[in-house]
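The file input-v9.csv comes next; it holds CSV, C-alpha atoms and all ligand atoms.
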chain,number,residue,atom,x,y,z
A,193,MET,CA,2.3,-13.8,20.1
A,194,ASN,CA,2.5,-10.1,19.2
A,195,LYS,CA,4.1,-7.6,21.4
A,196,ASN,CA,2.0,-4.7,22.8
A,197,PRO,CA,2.0,-2.3,19.8
A,198,TYR,CA,2.1,0.7,22.0
A,199,GLU,CA,5.2,-0.5,23.6
A,200,VAL,CA,6.8,-1.5,20.3
A,201,LEU,CA,6.3,2.0,18.9
A,202,GLY,CA,7.1,3.6,22.3
A,203,VAL,CA,3.9,5.7,22.4
A,204,ALA,CA,1.3,6.3,25.1
A,205,ARG,CA,-2.1,4.5,25.0
A,206,ASP,CA,-3.7,7.8,24.1
A,207,ALA,CA,-1.2,8.8,21.5
A,208,SER,CA,-2.5,10.8,18.6
A,209,ASP,CA,-2.5,9.4,15.1
A,210,ALA,CA,0.2,11.9,14.2
A,211,ASP,CA,2.4,10.7,17.1
A,212,ILE,CA,1.9,7.1,16.1
A,213,LYS,CA,2.8,7.9,12.5
A,214,LYS,CA,5.9,9.8,13.6
A,215,ALA,CA,7.1,7.1,15.9
A,216,TYR,CA,6.5,4.5,13.2
A,217,HIS,CA,8.5,6.4,10.6
A,218,LYS,CA,11.4,6.9,12.9
A,219,LEU,CA,11.6,3.2,13.8
A,220,VAL,CA,10.9,1.9,10.3
A,221,MET,CA,13.8,3.9,9.0
A,222,LYS,CA,16.0,2.8,11.9
A,223,TYR,CA,15.4,-0.9,11.4
A,224,HIS,CA,15.0,-0.9,7.6
A,225,PRO,CA,16.7,-3.9,6.1
A,226,ASP,CA,18.6,-1.8,3.7
A,227,ARG,CA,20.3,-0.1,6.6
A,228,ASN,CA,20.8,-3.3,8.6
A,229,PRO,CA,21.9,-5.9,6.1
A,230,ASP,CA,22.0,-9.4,7.7
A,231,ASN,CA,20.9,-8.2,11.0
A,232,LYS,CA,18.3,-10.6,12.4
A,233,ASP,CA,17.5,-8.4,15.4
A,234,ALA,CA,16.8,-5.4,13.2
A,235,GLU,CA,14.7,-7.6,10.9
A,236,GLU,CA,12.7,-8.8,13.9
A,237,LYS,CA,12.2,-5.3,15.1
A,238,PHE,CA,11.2,-4.2,11.6
A,239,LYS,CA,8.5,-6.8,11.6
A,240,GLU,CA,7.3,-5.8,15.1
A,241,VAL,CA,7.2,-2.2,14.2
A,242,ASN,CA,5.2,-2.9,11.1
A,243,ASN,CA,2.8,-5.2,13.0
A,244,ALA,CA,2.3,-2.6,15.6
A,245,PHE,CA,1.7,0.2,13.1
A,246,ASP,CA,-0.7,-2.0,11.2
A,247,ILE,CA,-2.9,-2.1,14.3
A,248,LEU,CA,-2.5,1.4,15.6
A,249,LYS,CA,-2.8,3.3,12.4
A,250,ASP,CA,-6.3,1.9,11.9
A,251,PRO,CA,-9.0,3.3,14.3
A,252,GLN,CA,-11.0,0.0,14.2
A,253,LYS,CA,-8.1,-2.3,14.7
A,254,ARG,CA,-6.8,-0.1,17.4
A,255,ALA,CA,-10.1,-0.1,19.2
A,256,ALA,CA,-10.3,-3.8,18.8
A,257,TYR,CA,-6.8,-4.1,20.3
A,258,ASP,CA,-7.7,-1.8,23.2
A,259,ARG,CA,-10.7,-4.0,24.0
A,260,PHE,CA,-9.5,-7.5,23.3
A,261,GLY,CA,-5.7,-7.2,23.2
A,262,ASP,CA,-4.0,-9.8,21.1
A,263,ALA,CA,-7.0,-12.0,20.9
A,264,ALA,CA,-8.5,-9.7,18.4
A,265,PHE,CA,-5.8,-10.6,16.0
A,266,ALA,CA,-4.7,-14.1,17.0
A,267,GLY,CA,-4.8,-16.7,14.4
A,268,GLY,CA,-6.8,-17.0,11.2
A,269,ASN,CA,-10.4,-18.0,11.3
A,270,GLY,CA,-12.3,-18.8,14.3
A,271,ALA,CA,-10.3,-16.8,16.7
A,272,GLY,CA,-11.0,-13.7,18.6
A,273,ALA,CA,-13.2,-13.2,21.5
A,274,GLY,CA,-16.7,-12.3,20.4
A,275,PHE,CA,-15.8,-12.1,16.7
A,276,GLY,CA,-16.9,-14.8,14.4
A,277,GLY,CA,-13.5,-15.4,12.9
A,278,ASN,CA,-11.0,-12.7,12.0
A,279,PRO,CA,-12.9,-9.5,12.0
A,280,PHE,CA,-10.5,-8.1,9.5
A,281,GLY,CA,-10.6,-11.1,7.3
A,282,ASP,CA,-8.9,-9.5,4.4
A,283,GLY,CA,-5.5,-11.0,4.3
A,284,ALA,CA,-3.9,-7.8,5.3
A,285,PHE,CA,-2.7,-9.4,8.4
A,286,HIS,CA,-1.0,-12.4,6.9
A,287,PHE,CA,2.3,-11.8,8.3
A,288,ASN,CA,0.8,-11.5,11.7
A,289,MET,CA,-0.5,-15.0,11.6
A,290,GLY,CA,2.4,-16.9,12.8
A,291,GLY,CA,5.5,-16.9,10.7
A,292,GLY,CA,6.0,-18.1,7.2
A,293,ALA,CA,6.0,-14.7,5.6
A,294,GLY,CA,9.3,-13.9,3.9
A,295,MET,CA,11.0,-10.6,4.1
A,296,GLU,CA,9.6,-9.7,0.8
A,297,ASP,CA,6.1,-10.1,2.1
A,298,ILE,CA,6.9,-7.9,5.0
A,299,LEU,CA,8.3,-5.2,2.8
A,300,ARG,CA,5.4,-5.3,0.5
A,301,GLU,CA,3.2,-5.2,3.6
A,302,ALA,CA,5.1,-2.2,4.9
A,303,MET,CA,4.6,-0.6,1.6
A,304,ARG,CA,0.9,-1.4,1.5
A,305,GLY,CA,0.4,-0.8,5.1
A,306,PHE,CA,1.8,2.7,4.8
A,307,GLY,CA,-1.6,3.8,3.7
A,308,PHE,CA,-3.7,6.0,5.8
A,309,GLY,CA,-6.5,4.3,4.0
A,310,ASP,CA,-8.7,1.5,4.8
A,311,PHE,CA,-8.5,-2.2,5.4
A,312,GLY,CA,-7.0,-4.6,2.9
A,313,THR,CA,-8.3,-4.9,-0.5
A,314,GLY,CA,-11.1,-7.0,-1.7
A,315,GLY,CA,-12.2,-8.0,1.8
A,316,ALA,CA,-15.7,-8.3,2.9
A,317,SER,CA,-14.9,-6.0,5.8
A,318,GLN,CA,-16.1,-2.6,6.6
A,319,ARG,CA,-18.1,0.2,5.3
A,320,ALA,CA,-19.8,0.1,2.0
A,321,SER,CA,-18.8,0.4,-1.5
A,322,GLN,CA,-16.7,3.5,-1.7
A,323,ARG,CA,-13.3,3.0,-0.4
A,324,ALA,CA,-10.3,5.2,-1.2
A,325,GLY,CA,-7.3,3.4,-2.5
A,326,ARG,CA,-4.2,2.9,-0.4
A,327,ASP,CA,-1.2,4.9,-0.6
A,328,LEU,CA,1.9,3.1,-1.6
A,329,LEU,CA,5.5,3.7,-0.5
A,330,ASP,CA,8.7,2.6,-2.0
A,331,GLU,CA,12.3,3.5,-1.3
A,332,VAL,CA,15.2,3.9,-3.6
A,333,VAL,CA,18.9,4.3,-2.8
A,334,ILE,CA,20.8,6.3,-5.4
A,335,ASP,CA,24.4,7.5,-5.8
A,336,LEU,CA,25.4,11.0,-5.3
A,337,ARG,CA,26.2,11.3,-9.0
A,338,ASP,CA,22.6,10.3,-9.8
A,339,ALA,CA,21.4,12.9,-7.4
A,340,TYR,CA,23.6,15.4,-9.2
A,341,PHE,CA,22.2,14.7,-12.6
A,342,GLY,CA,18.8,13.6,-11.6
A,343,THR,CA,17.6,10.1,-12.6
A,344,THR,CA,14.5,8.0,-13.2
A,345,HIS,CA,13.5,5.2,-10.9
A,346,THR,CA,11.4,2.5,-12.4
A,347,VAL,CA,9.2,0.7,-10.0
A,348,LYS,CA,7.5,-2.6,-10.8
A,349,PHE,CA,4.9,-3.7,-8.5
A,350,SER,CA,1.4,-5.2,-8.5
A,351,SER,CA,-1.5,-3.3,-7.1
A,352,ASN,CA,-5.2,-3.0,-7.5
A,353,VAL,CA,-6.2,-0.9,-10.4
A,354,GLU,CA,-9.7,0.0,-11.5
A,355,CYS,CA,-11.2,-2.7,-13.7
A,356,GLU,CA,-11.3,-1.3,-17.2
A,357,LYS,CA,-14.1,-3.6,-18.4
A,358,CYS,CA,-16.7,-2.3,-15.8
A,359,HIS,CA,-15.1,1.0,-15.0
A,360,GLY,CA,-14.9,-0.1,-11.4
A,361,ASN,CA,-18.6,-0.8,-11.0
A,362,GLY,CA,-18.2,-4.6,-10.9
A,363,THR,CA,-21.2,-5.2,-13.1
A,364,ALA,CA,-21.3,-7.2,-16.3
A,365,ASP,CA,-22.6,-4.3,-18.3
A,366,GLY,CA,-20.5,-1.7,-16.5
A,367,SER,CA,-23.4,0.3,-15.2
A,368,ALA,CA,-23.5,1.4,-11.5
A,369,ALA,CA,-24.8,-1.4,-9.3
A,370,PRO,CA,-28.1,-0.9,-7.5
A,371,VAL,CA,-28.0,-0.2,-3.7
A,372,CYS,CA,-28.3,-3.3,-1.5
A,373,SER,CA,-31.8,-3.3,0.1
A,374,THR,CA,-30.7,-5.4,3.2
A,375,CYS,CA,-28.2,-2.9,4.5
A,376,GLY,CA,-29.4,0.2,2.7
A,377,GLY,CA,-26.0,0.7,1.1
A,378,SER,CA,-24.0,0.8,4.3
A,379,GLY,CA,-22.5,-2.6,3.8
A,380,VAL,CA,-22.9,-3.6,7.4
A,381,VAL,CA,-25.6,-5.2,9.6
A,382,HIS,CA,-25.8,-5.1,13.4
A,383,ALA,CA,-25.8,-8.3,15.3
A,384,ARG,CA,-25.2,-9.6,18.8
A,385,GLN,CA,-22.6,-12.0,19.7
A,386,GLY,CA,-22.3,-12.9,23.3
A,387,PHE,CA,-22.2,-9.7,25.2
A,388,PHE,CA,-21.1,-7.6,22.3
A,389,ALA,CA,-23.0,-5.8,19.7
A,390,VAL,CA,-21.0,-6.2,16.6
A,391,GLU,CA,-21.1,-4.8,13.2
A,392,ARG,CA,-20.8,-7.5,10.5
A,393,PRO,CA,-20.4,-7.2,6.8
A,394,CYS,CA,-23.8,-7.4,5.2
A,395,PRO,CA,-24.3,-11.1,4.2
A,396,ASP,CA,-26.4,-10.1,1.2
A,397,CYS,CA,-23.9,-7.8,-0.5
A,398,ASN,CA,-20.7,-9.0,1.3
A,399,GLY,CA,-20.2,-5.5,2.7
A,400,LEU,CA,-20.1,-3.8,-0.7
A,401,GLY,CA,-23.3,-1.9,-0.1
A,402,HIS,CA,-24.6,-2.7,-3.5
A,403,LYS,CA,-25.9,-5.8,-5.1
A,404,ILE,CA,-24.6,-7.0,-8.4
A,405,ASP,CA,-26.9,-9.4,-10.3
A,406,LYS,CA,-24.5,-10.1,-13.1
A,407,LYS,CA,-20.9,-9.7,-12.1
A,408,CYS,CA,-18.2,-8.4,-14.4
A,409,SER,CA,-16.2,-11.4,-15.5
A,410,ALA,CA,-12.9,-9.5,-15.5
A,411,CYS,CA,-12.9,-8.5,-11.8
A,412,ASP,CA,-15.5,-10.9,-10.5
A,413,GLY,CA,-17.6,-8.0,-9.3
A,414,THR,CA,-15.0,-6.3,-7.2
A,415,GLY,CA,-14.4,-3.4,-9.5
A,416,THR,CA,-10.7,-3.7,-9.2
A,417,VAL,CA,-8.1,-6.1,-10.7
A,418,HIS,CA,-4.7,-6.9,-9.5
A,419,LYS,CA,-2.3,-5.8,-12.1
A,420,GLN,CA,1.4,-5.6,-12.7
A,421,ARG,CA,2.3,-2.0,-13.0
A,422,THR,CA,5.4,0.0,-14.0
A,423,LEU,CA,5.9,3.5,-12.8
A,424,ASP,CA,8.7,5.7,-13.9
A,425,VAL,CA,9.4,8.1,-11.1
A,426,LYS,CA,11.5,11.1,-12.1
A,427,ILE,CA,14.0,12.0,-9.4
A,428,PRO,CA,15.0,15.7,-9.8
A,429,ALA,CA,18.6,16.8,-10.1
A,430,GLY,CA,19.9,18.0,-6.7
A,431,VAL,CA,17.6,15.7,-4.7
A,432,GLU,CA,18.6,15.4,-1.1
A,433,ASP,CA,18.9,12.3,1.0
A,434,GLY,CA,15.5,11.7,2.7
A,435,THR,CA,13.4,13.4,0.2
A,436,ARG,CA,9.9,12.0,-0.2
A,437,LEU,CA,8.4,12.3,-3.7
A,438,ARG,CA,4.7,12.1,-4.2
A,439,LEU,CA,2.9,10.9,-7.3
A,440,ALA,CA,-0.7,11.9,-6.7
A,441,GLY,CA,-3.3,9.2,-7.6
A,442,GLN,CA,-0.7,6.6,-8.5
A,443,GLY,CA,-1.4,4.4,-5.5
A,444,GLU,CA,-4.0,1.6,-5.4
A,445,ALA,CA,-7.3,2.1,-7.0
A,446,GLY,CA,-10.2,3.0,-4.8
A,447,SER,CA,-13.2,0.7,-5.0
A,448,ALA,CA,-16.5,1.7,-6.7
A,449,GLY,CA,-15.1,4.9,-8.0
A,450,ALA,CA,-13.5,6.2,-4.8
A,451,PRO,CA,-10.3,8.1,-5.4
A,452,ALA,CA,-7.0,6.2,-5.8
A,453,GLY,CA,-4.2,6.5,-3.2
A,454,ASP,CA,-0.9,8.3,-3.9
A,455,PHE,CA,2.4,6.8,-4.6
A,456,TYR,CA,5.4,7.9,-2.5
A,457,LEU,CA,9.0,7.3,-3.2
A,458,ASP,CA,11.6,7.9,-0.4
A,459,VAL,CA,14.9,8.8,-1.9
A,460,ARG,CA,18.1,7.9,-0.1
A,461,VAL,CA,21.4,9.1,-1.3
A,462,ARG,CA,24.3,6.8,-0.7
A,463,PRO,CA,27.4,8.5,0.8
A,464,ASP,CA,30.0,9.1,-1.8
A,465,LYS,CA,33.7,8.1,-1.6
A,466,ARG,CA,35.0,11.4,-3.0
A,467,PHE,CA,32.5,14.0,-2.1
A,468,ALA,CA,30.8,14.9,1.1
A,469,ARG,CA,27.7,16.9,0.8
A,470,GLN,CA,26.7,19.9,2.9
A,471,GLY,CA,23.4,21.4,1.7
A,472,ASP,CA,24.1,22.4,-1.9
A,473,ASP,CA,27.9,22.4,-1.4
A,474,LEU,CA,30.3,19.6,-1.9
A,475,ILE,CA,33.5,19.0,-0.1
A,476,MET,CA,36.4,17.1,-1.5
A,477,ARG,CA,39.6,16.2,0.2
A,478,VAL,CA,42.6,16.6,-2.0
A,479,ASP,CA,46.2,15.6,-1.3
A,480,VAL,CA,48.5,18.5,-2.4
A,481,PRO,CA,52.3,18.2,-2.7
A,482,PHE,CA,53.9,20.2,0.1
A,483,THR,CA,56.0,22.1,-2.4
A,484,THR,CA,52.8,23.4,-4.0
A,485,LEU,CA,51.4,24.4,-0.7
A,486,ALA,CA,54.6,26.2,0.2
A,487,LEU,CA,55.3,27.8,-3.2
A,488,GLY,CA,51.8,28.1,-4.6
A,489,GLY,CA,50.8,26.5,-7.9
A,490,GLU,CA,48.0,24.6,-9.5
A,491,ILE,CA,46.3,21.3,-8.9
A,492,GLU,CA,44.1,19.4,-11.2
A,493,ILE,CA,40.8,18.0,-9.8
A,494,GLU,CA,37.9,16.1,-11.3
A,495,THR,CA,34.5,17.5,-10.5
A,496,ILE,CA,31.4,15.4,-9.8
A,497,ASP,CA,30.3,15.9,-13.4
A,498,ASP,CA,33.6,14.4,-14.6
A,499,LYS,CA,35.2,17.7,-15.6
A,500,LYS,CA,38.9,18.3,-15.2
A,501,LEU,CA,39.5,21.6,-13.5
A,502,ALA,CA,42.7,23.4,-12.6
A,503,VAL,CA,42.5,25.1,-9.2
A,504,LYS,CA,44.9,27.7,-8.1
A,505,VAL,CA,46.7,27.0,-4.7
A,506,PRO,CA,48.0,30.2,-3.2
A,507,SER,CA,51.5,30.0,-1.7
A,508,GLY,CA,51.5,29.3,2.0
A,509,THR,CA,48.3,27.3,1.9
A,510,GLN,CA,47.9,25.3,5.1
A,511,VAL,CA,46.6,21.8,5.6
A,512,GLY,CA,42.9,21.9,6.5
A,513,GLU,CA,42.2,25.1,4.6
A,514,LYS,CA,39.3,25.1,2.2
A,515,LEU,CA,39.6,26.3,-1.3
A,516,ARG,CA,36.4,27.4,-2.8
A,517,VAL,CA,35.5,26.5,-6.4
A,518,ARG,CA,32.4,28.3,-7.2
A,519,GLY,CA,29.5,26.7,-9.0
A,520,HIS,CA,30.8,23.1,-8.9
A,521,GLY,CA,28.6,21.9,-6.1
A,522,MET,CA,25.1,20.3,-6.3
A,523,PRO,CA,22.3,21.7,-8.4
A,524,THR,CA,20.0,23.9,-6.3
A,525,ARG,CA,16.3,24.2,-6.3
A,526,ARG,CA,16.6,27.8,-7.6
A,527,GLY,CA,18.3,26.5,-10.7
A,528,GLY,CA,21.9,27.4,-9.8
A,529,PHE,CA,24.7,25.3,-8.3
A,530,GLY,CA,26.3,25.2,-4.9
A,531,ASP,CA,30.1,25.4,-4.5
A,532,LEU,CA,32.8,22.9,-4.3
A,533,TYR,CA,35.3,23.1,-1.4
A,534,ILE,CA,38.7,21.6,-1.6
A,535,ASP,CA,39.7,20.4,1.8
A,536,VAL,CA,43.5,20.7,1.6
A,537,ALA,CA,45.5,17.6,2.7
A,538,ILE,CA,49.2,17.1,2.3
A,539,ASN,CA,51.0,14.5,0.4
A,540,ILE,CA,54.5,13.8,1.9
A,541,PRO,CA,56.7,11.8,-0.5
A,542,THR,CA,57.8,8.5,1.0
A,543,LYS,CA,60.5,7.8,-1.5
A,544,LEU,CA,63.1,10.5,-2.3
A,545,THR,CA,65.9,10.4,-4.8
A,546,ASP,CA,69.4,11.2,-3.6
A,547,LYS,CA,69.1,14.6,-5.3
A,548,GLN,CA,65.8,15.3,-3.6
A,549,LYS,CA,67.2,14.4,-0.3
A,550,LYS,CA,70.1,16.6,-0.8
A,551,LEU,CA,67.9,19.5,-1.8
A,552,LEU,CA,65.7,19.0,1.2
A,553,ASN,CA,68.7,18.8,3.5
A,554,GLU,CA,70.0,22.0,2.1
A,555,PHE,CA,66.6,23.5,2.6
A,556,ALA,CA,66.4,22.3,6.2
A,557,GLY,CA,69.8,23.9,6.7
A,558,THR,CA,68.7,27.3,5.5
A,559,LYS,CA,67.1,28.7,8.5
A,560,SER,CA,65.2,31.9,7.6
A,561,ASP,CA,65.8,34.9,9.8
A,562,LYS,CA,62.7,34.4,11.8
A,563,LYS,CA,61.3,31.0,12.6
A,564,GLY,CA,62.5,27.9,10.8
A,565,TRP,CA,60.3,25.9,8.6
A,566,PHE,CA,60.8,22.6,10.3
A,601,ZN,ZN,-26.0,-5.2,1.9
A,602,ZN,ZN,-14.8,-5.4,-13.7
Can I see the file as structure tokens?
Ligand SMILES: [Zn+2]
Ligand SMILES: [Zn+2]
Amino acid sequence: MNKNPYEVLGVARDASDADIKKAYHKLVMKYHPDRNPDNKDAEEKFKEVNNAFDILKDPQKRAAYDRFGDAAFAGGNGAGAGFGGNPFGDGAFHFNMGGGAGMEDILREAMRGFGFGDFGTGGASQRASQRAGRDLLDEVVIDLRDAYFGTTHTVKFSSNVECEKCHGNGTADGSAAPVCSTCGGSGVVHARQGFFAVERPCPDCNGLGHKIDKKCSACDGTGTVHKQRTLDVKIPAGVEDGTRLRLAGQGEAGSAGAPAGDFYLDVRVRPDKRFARQGDDLIMRVDVPFTTLALGGEIEIETIDDKKLAVKVPSGTQVGEKLRVRGHGMPTRRGGFGDLYIDVAINIPTKLTDKQKKLLNEFAGTKSDKKGWF
């Protein structure tokens, strides 16, 4: 059902985590739906890449894949050689499980799955109680003008946050829960299944590592609640395409008091119709009447911050020359501004009055001593 994740990411079997992450980021950018609107192939690739990364980014999933191949992840419950059911029964794999998941799910998954953190949320998987929250990743595409002035991006999403009622402890009275005596707090017990020794979530505490007698009613003992959140991310003036902003601690809540993940926002800057950007400088193509180029004069331009500006054109300016207008580029990190370059183009009139024709003919007739103009 799934393709070999190593092949999908184009990495070797023994690739390091860093290489895997690198390959993933490259591909996920390449096939991102924002960049490939209505492209089914890209959409498919995007899913594959996310599936592959979901497996390879996680040491346990990766090990399971290395040992069992696809069987480790096939289907919902009751699958998997040697595992009683999905060993990662946490829902984090739902788009793996045979279709049905919409693009939105995938995107959300890509966002969630970005984490370097642990398995999904609320699952009875894995190590005990303390689990760091996942990192979250979102992307925004802004106009160059917004990049010039800086802007605020409001993200609405739902994620796990620490339960306020029990302070993340999951207990009815909010106190720290006593350690589970069956697993000694590790959250796992060892068992044999067929040929394999497997770690299973402690049945007594459901893998939490602690036992809660009276569960908190707000979070049902999990210590976290799913909540709609709104985050205002400030995008600084002068931001460059491809910038990744980090909001420390604004990702998903960790369980049982473990640290929260971070929130990342990837900023893409849409190409502008009028201005090309080169570092902190802007380049603008302007049609100039040929008489102005020849005789010299002034042209009026509009800068990115909507200011009208008169720019001197020296006589004899050639097409393709760049006229520098200092300080009208993008804001720089050092607090200044880059420059604006006017890329000189020519504007040849297509309709001439009789008088203009006559004058131009006269001009054409007047050969200067050296080389003629036309
Ligand atoms: Zn236990
Ligand atoms: Zn609670």
| request: Within 8 Å of (-23.4, -7.3, -14.6) (coordinates as in the file), grab all the protein and nucleic acid residues, counting all atoms listed in the file, and write them out as number ranges by chain. | output: A: 362-367, 404-408, 413
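With all atoms listed in the file as the basis for measurement, A:Gly415 is the residue among A:Gly415, A:Gly441, A:Pro506, A:Gly446 that approaches ligand ZN 602 (chain A) most closely.
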Next item on the list: Residues up to 8 Å from ligand ZN 601 (chain A), counting only C-alpha atoms and all ligand atoms: could you list those as a PyMOL selection string?
Entry: chain A and resi 371-381+393-403
Residues within 9 Å of (36.8, 18.6, -7.4), file coords, all atoms listed in the file, listed as a short mmCIF file (atom, residue, chain, number, x, y, z; two decimals) with C-alpha atoms, in the coordinates of the input:
data_model
loop_
_atom_site.label_atom_id
_atom_site.label_comp_id
_atom_site.auth_asym_id
_atom_site.auth_seq_id
_atom_site.Cartn_x
_atom_site.Cartn_y
_atom_site.Cartn_z
CA ARG A 466 35.00 11.40 -3.00
CA PHE A 467 32.50 14.00 -2.10
CA LEU A 474 30.30 19.60 -1.90
CA ILE A 475 33.50 19.00 -0.10
CA MET A 476 36.40 17.10 -1.50
CA ARG A 477 39.60 16.20 0.20
CA VAL A 478 42.60 16.60 -2.00
CA GLU A 492 44.10 19.40 -11.20
CA ILE A 493 40.80 18.00 -9.80
CA GLU A 494 37.90 16.10 -11.30
CA THR A 495 34.50 17.50 -10.50
CA ILE A 496 31.40 15.40 -9.80
CA ASP A 498 33.60 14.40 -14.60
CA LYS A 499 35.20 17.70 -15.60
CA LYS A 500 38.90 18.30 -15.20
CA LEU A 501 39.50 21.60 -13.50
CA VAL A 503 42.50 25.10 -9.20
CA VAL A 517 35.50 26.50 -6.40
CA HIS A 520 30.80 23.10 -8.90
CA GLY A 521 28.60 21.90 -6.10
CA LEU A 532 32.80 22.90 -4.30
CA TYR A 533 35.30 23.10 -1.40
CA ILE A 534 38.70 21.60 -1.60
#
(message) Could you list the protein, DNA and RNA residues that have any atom within 7 Å of ligand ZN 602 (chain A), counting only C-alpha atoms and all ligand atoms, and write them as a VMD selection string?
(response) chain A and resid 355 to 363 408 to 416
From CA of Asp330 (chain A) to CA of Asp206 (chain A) the spacing works out at 29.4 Å
What separates CA of Gly488 (chain A) and CA of Lys504 (chain A) is a distance of 7.7 Å
| query | Could you pull the residues within 8 Å of region 237-239 of chain A, counting only C-alpha atoms, minus those fewer than 6 positions along the same chain, as an NGL selection string? | reply | :A and (219-220 or 223-225 or 298)
Any chance you can output those residues with C-alpha atoms as a PDB file, keeping the file's coordinate frame?
ATOM      1  CA  LEU A 219      11.600   3.200  13.800  1.00  0.00           C
ATOM      2  CA  VAL A 220      10.900   1.900  10.300  1.00  0.00           C
ATOM      3  CA  TYR A 223      15.400  -0.900  11.400  1.00  0.00           C
ATOM      4  CA  HIS A 224      15.000  -0.900   7.600  1.00  0.00           C
ATOM      5  CA  PRO A 225      16.700  -3.900   6.100  1.00  0.00           C
ATOM      6  CA  ILE A 298       6.900  -7.900   5.000  1.00  0.00           C
TER       7      ILE A 298
END
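Minimum atom-to-atom distances from A:Ala368, A:Met522, A:Ile334, A:Leu487 to Ile427 (chain A) were compared using all atoms listed in the file, and the lowest value belongs to A:Ile334.
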| request: Could you check which of A:Ala255, A:Val353, A:Asp458, A:Gly261 is closest to Ala324 (chain A), using all atoms listed in the file? | output: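 The closest residue to Ala324 (chain A) is A:Val353.
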Can you tell me which residues surround Val459 (chain A) at a distance of at most 10 Å, considering all atoms listed in the file, apart from same-chain residues fewer than 4 positions away, and format the answer as a list in words?
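My reading of the contact set: Asp330, Glu331, Val332, Val333, Ile334, Ala339, His345, Ile427, Val431, Glu432, Asp433, Gly434, Thr435, Arg436 and Leu437 of chain A.
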Can you write out the residues you just picked, keeping C-alpha atoms, as a PDB file, in the coordinates of the input?
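And here's again-v9.pdb as it stands now:
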ATOM      1  CA  ASP A 330       8.700   2.600  -2.000  1.00  0.00           C
ATOM      2  CA  GLU A 331      12.300   3.500  -1.300  1.00  0.00           C
ATOM      3  CA  VAL A 332      15.200   3.900  -3.600  1.00  0.00           C
ATOM      4  CA  VAL A 333      18.900   4.300  -2.800  1.00  0.00           C
ATOM      5  CA  ILE A 334      20.800   6.300  -5.400  1.00  0.00           C
ATOM      6  CA  ALA A 339      21.400  12.900  -7.400  1.00  0.00           C
ATOM      7  CA  HIS A 345      13.500   5.200 -10.900  1.00  0.00           C
ATOM      8  CA  ILE A 427      14.000  12.000  -9.400  1.00  0.00           C
ATOM      9  CA  VAL A 431      17.600  15.700  -4.700  1.00  0.00           C
ATOM     10  CA  GLU A 432      18.600  15.400  -1.100  1.00  0.00           C
ATOM     11  CA  ASP A 433      18.900  12.300   1.000  1.00  0.00           C
ATOM     12  CA  GLY A 434      15.500  11.700   2.700  1.00  0.00           C
ATOM     13  CA  THR A 435      13.400  13.400   0.200  1.00  0.00           C
ATOM     14  CA  ARG A 436       9.900  12.000  -0.200  1.00  0.00           C
ATOM     15  CA  LEU A 437       8.400  12.300  -3.700  1.00  0.00           C
TER      16      LEU A 437
END
query: Suppose you want the space between CA of Gly342 (chain A) and CA of Gly430 (chain A); what is it in Å?
result: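 Going from CA of Gly342 (chain A) over to CA of Gly430 (chain A), I get 6.7 Å.
Taking all atoms listed in the file into account, Gly325 (chain A) lies nearest to A:Gly443 out of the set A:Gly443, A:Pro197, A:Pro229, A:Gly386.
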